[in-house]
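Below: the structure, in structure tokens.
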Protein chains: 4
Amino acid sequence: MKLNIAIIGPNVTNPKQYELGKEVGQAIARAGCILFCGGLGGMMQAAAEGARSAGGQTVGILPGPEKSEANAFIDIAIPTGLGPYRNALLVRSCDAVIAIHGAYGTLSEIAFALRLGIPVIGLHTWSVSKDGQPDPGIHIADSSEEAVRMAVELAGQQTGKTRR
Amino acid sequence: MKLNIAIIGPNVTNPKQYELGKEVGQAIARAGCILFCGGLGGMMQAAAEGARSAGGQTVGILPGPEKSEANAFIDIAIPTGLGPYRNALLVRSCDAVIAIHGAYGTLSEIAFALRLGIPVIGLHTWSVSKDGQPDPGIHIADSSEEAVRMAVELAGQQTGKTRR
Amino acid sequence: MKLNIAIIGPNVTNPKQYELGKEVGQAIARAGCILFCGGLGGMMQAAAEGARSAGGQTVGILPGPEKSEANAFIDIAIPTGLGPYRNALLVRSCDAVIAIHGAYGTLSEIAFALRLGIPVIGLHTWSVSKDGQPDPGIHIADSSEEAVRMAVELAGQQTGKTRR
Amino acid sequence: MKLNIAIIGPNVTNPKQYELGKEVGQAIARAGCILFCGGLGGMMQAAAEGARSAGGQTVGILPGPEKSEANAFIDIAIPTGLGPYRNALLVRSCDAVIAIHGAYGTLSEIAFALRLGIPVIGLHTWSVSKDGQPDPGIHIADSSEEAVRMAVELAGQQTGKTRR
């Protein structure tokens, strides 16, 4: 079964961020993975547009109860009606998560993934620390290609383990 | 965007029930809809096998946290980790629901769909009544073809309405 | 630890129904149980008013994100922000459920309780049947006193069993 | 209606951390608030013990489906069966959140509270930063008394606003 890889990031992006999201989406599709995202605009749309342009499949885990909320590049829309709880569902559904920039919504997804033991790859996004020490849980990538390579590799190591 | 149509039913089926589930799954795919189900065995597998055999797409909203739980005919597996709450999510995600036979899990899905105003079509399944009066909320179909025709028609009427 | 007993029923009631809800709430408090309900009006308010008048504690599992939504007789308000999913959470949180009248929301709670193996007592509420046969899952009570006696007894039998 | 204040923190504590949790729980009860927590051991138990010793009420939002999981100082146990999703529910249910130490579970609660606009007070806990800049969302307290004073004050400012 194909890997589910999520891209998480802000609902509004500048052109450079959008371009980066598209690149990561393309790389996910080229790696033979299914792109998961929150289904709305900004980074979510960029990633879906990129994945579709490379022939991949796209899934949008929407916060509201209507499919019409999905951006134009979503193949499978899941209108959860869960509001902000859908952030947790999106992460839970995936084998790895790539975070790009983002605000508190993205931070909540990163943190929930860390809690669940789902690999998190970060591209210009949040960092977290405790007692003044940076936490090594977020794997830092420097490019879209590297981010996807790390996601696929770390997700593969996960396979077969029981995830809680 | 394509319609999401769920088949809900028991996790264990006899051969006749399995055949019926396959037929309904095929009819959903031929109608150009995406088949949603709970992703496990029995009626869920039958429907997914049928939909795939007719070239359709299949989505499994799984109760556990592992994709490996999905039956072999699921294209997109959503390992929710929600346990029985996933019944509510499955229904919420769809434009119409077709219930075939089933036990209390299926009843919970029927009831949640009625609560949300999502059309429910019944094939040899539960009926509900209040004060001794049968409730007309479940639309009764007599064949797999009729069930899917009703689902598509009723889902279409739903479009554009705000669903709560 | 005290038993959690839920009263589920309609958001709007006539005076006779309200009186019945109050009686059941009083009986729950007198039995030393904590009253759980959906926290809003109608039967939920009646039950909370009854329980509080008998010196009991009341918990409201609210659908929205604001405590201000709770009726005036709720001691502990849980503003879940889950929308209709809160029906499932309410039932899941309790040791037994007493259903009084009610519409599809109540039906969804009854069905979810049956699915989870949580005892359901019915007072003038839904009945469910399969293949033309009434299902015995809902325990029918004839009075408020009997409903609470059955709830306490059936909840007690549940104790110690692993509930899924 | 009383304020719901959550204490979030690790499931295992050393004696000094436990003492701090008790102090914060006591201060919450003395401030006339209801203590919410995850209902299990460590910091959750410390806080509940403290709150109860000062005559306050305690609510435990449990991850599993059984009330028996609750520590001995919980008055109202809510056995959600939501697993790690209960972290989001706990935060959502409260008017302010006090984080004390903690691992990834606590981080997920902090992040979800930030996302919802629910005030977060931190005592020796996580910090988060973006683009190398510390984020000011977590209000740092230096003592148990100060943490509770800040929680009550910030929760009060929240009242009347629509929270999303």
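The chains in the structure tokens are called A, B, ... from first to last as shown; in each chain the residues are counted from 1, and the ligands are counted from 1 in the order shown.
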
Item checked: Distance query Arg92 (chain D) at most 10 Å, only C-alpha atoms, self and fewer than 2 positions along chain excluded, as a list in words ->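 Result of the neighbour search: Pro84 and Tyr85 of chain A; Pro65, Glu66, Ile78, Pro79, Thr80, Gly81 and Leu82 of chain C; Ala6, Arg86, Asn87, Ala88, Leu89, Leu90, Cys94, Asp95, Ala96, Val97, Glu109, Phe112, Ala113, Leu116, Gly117, Ile118, Arg163 and Arg164 of chain D.
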
Could the residues in this selection be written to a file with C-alpha atoms, as a short mmCIF file (atom, residue, chain, number, x, y, z; two decimals), in the first residue's frame?
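Below you can see selection_12.cif, which holds the result:
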```cif
data_model
loop_
_atom_site.label_atom_id
_atom_site.label_comp_id
_atom_site.auth_asym_id
_atom_site.auth_seq_id
_atom_site.Cartn_x
_atom_site.Cartn_y
_atom_site.Cartn_z
CA PRO A 84 -9.74 22.34 14.46
CA TYR A 85 -9.81 18.69 15.65
CA PRO C 65 -17.17 25.78 22.06
CA GLU C 66 -18.70 28.11 24.68
CA ILE C 78 -17.73 20.81 28.89
CA PRO C 79 -17.77 22.98 25.76
CA THR C 80 -16.49 20.36 23.33
CA GLY C 81 -16.74 22.18 20.01
CA LEU C 82 -17.47 18.76 18.50
CA ALA D 6 -6.58 22.83 33.03
CA ARG D 86 -8.47 13.59 24.18
CA ASN D 87 -5.58 16.05 24.52
CA ALA D 88 -7.40 18.34 22.11
CA LEU D 89 -10.72 17.88 23.92
CA LEU D 90 -9.19 18.69 27.31
CA CYS D 94 -11.09 24.96 29.34
CA ASP D 95 -10.87 28.74 29.73
CA ALA D 96 -7.11 28.67 30.31
CA VAL D 97 -4.35 26.07 30.45
CA GLU D 109 -1.91 20.48 24.30
CA PHE D 112 -3.72 23.14 20.31
CA ALA D 113 -4.55 25.81 22.91
CA LEU D 116 -7.73 27.92 19.57
CA GLY D 117 -6.77 31.20 21.23
CA ILE D 118 -7.10 29.71 24.71
CA ARG D 163 -13.66 31.51 20.43
CA ARG D 164 -13.06 29.49 17.27
#
```

Next item on the list: Write out as a list of chain:residue names the residues lying within 8 Å of region 30-36 of chain A, counting only C-alpha atoms and excluding same-chain residues fewer than 4 positions away.
Entry: A:Lys2, A:Leu3, A:Asn4, A:Ile5, A:Ala6, A:Ile7, A:Gly25, A:Gln26, A:Ala47, A:Ala48, A:Ala51, A:Ala54, A:Gly55, A:Gly56, A:Gln57, A:Thr58, A:Val59, A:Gly60, A:Ile61, A:Leu90, A:Cys94, A:Val148, A:Val152

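Proximity ranking of B:Ala103, B:Asn71, B:Pro63, B:Ile8 relative to chain D places B:Pro63 first, based on only C-alpha atoms.
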
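Excluding Lys16 (chain C) itself and any same-chain residue fewer than 6 positions from it, the protein and nucleic acid residues within 12 Å of it, counting only C-alpha atoms, are Lys22, Glu23, Gly42, Met43, Ala46, Ile100 and His101 of chain C.
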
Next item on the list: Enumerate as number ranges by chain all residues of region 95-135 of chain D assigned to strand (DSSP E or B) by DSSP on the backbone, naming them with the chain letters and numbers the document uses.
Entry: D: 96-100, 120-123, 126-130, 133-134

Notebook entry, point to check: Within 7 Å of region 132-140 of chain B, counting only C-alpha atoms, which residues qualify if same-chain residues fewer than 5 places away don't, as a PyMOL selection string?
Noted result: chain B and resi 114+120-123

Kindly export the residues of the current selection with N, CA, C and O atoms, as a short mmCIF file (atom, residue, chain, number, x, y, z; two decimals), in the first residue's frame.
```
data_model
loop_
_atom_site.label_atom_id
_atom_site.label_comp_id
_atom_site.auth_asym_id
_atom_site.auth_seq_id
_atom_site.Cartn_x
_atom_site.Cartn_y
_atom_site.Cartn_z
N LEU B 114 -29.05 10.15 9.69
CA LEU B 114 -30.38 10.78 9.83
C LEU B 114 -30.24 12.09 10.61
O LEU B 114 -30.83 13.11 10.25
N VAL B 120 -30.13 8.38 3.58
CA VAL B 120 -29.85 6.98 3.92
C VAL B 120 -30.74 6.08 3.08
O VAL B 120 -31.97 6.25 3.09
N ILE B 121 -30.13 5.15 2.36
CA ILE B 121 -30.88 4.16 1.60
C ILE B 121 -30.66 2.80 2.26
O ILE B 121 -29.52 2.45 2.58
N GLY B 122 -31.73 2.06 2.47
CA GLY B 122 -31.64 0.79 3.18
C GLY B 122 -31.95 -0.40 2.29
O GLY B 122 -32.93 -0.38 1.54
N LEU B 123 -31.11 -1.42 2.38
CA LEU B 123 -31.31 -2.69 1.67
C LEU B 123 -31.29 -3.80 2.72
O LEU B 123 -30.21 -4.16 3.20
#
```

Check: If you count only C-alpha atoms, which residues fall within 7 Å of Ser127 (chain B), apart from same-chain ones fewer than 6 positions away, as a list in words?
Finding: Val128, Ser129 and Lys130 of chain C

For the residues in that selection, give me all heavy atoms as a tab-separated table (two decimals), in the first residue's frame.
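The result, written out as selection-v1.tsv:
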```tsv
chain	number	residue	atom	x	y	z
C	128	VAL	N	-36.22	0.00	17.65
C	128	VAL	CA	-35.50	-0.38	16.43
C	128	VAL	C	-35.77	-1.84	16.14
C	128	VAL	O	-35.99	-2.64	17.06
C	128	VAL	CB	-33.98	-0.13	16.57
C	128	VAL	CG1	-33.69	1.35	16.80
C	128	VAL	CG2	-33.37	-0.95	17.70
C	129	SER	N	-35.81	-2.19	14.86
C	129	SER	CA	-36.06	-3.59	14.51
C	129	SER	C	-35.29	-3.94	13.24
C	129	SER	O	-34.90	-3.07	12.46
C	129	SER	CB	-37.55	-3.82	14.30
C	129	SER	OG	-38.07	-2.94	13.34
C	130	LYS	N	-35.05	-5.24	13.08
C	130	LYS	CA	-34.31	-5.73	11.92
C	130	LYS	C	-35.03	-6.93	11.35
C	130	LYS	O	-35.47	-7.80	12.13
C	130	LYS	CB	-32.87	-6.10	12.32
C	130	LYS	CG	-31.93	-5.99	11.17
C	130	LYS	CD	-30.47	-6.00	11.58
C	130	LYS	CE	-30.11	-7.23	12.39
C	130	LYS	NZ	-28.64	-7.38	12.49
```
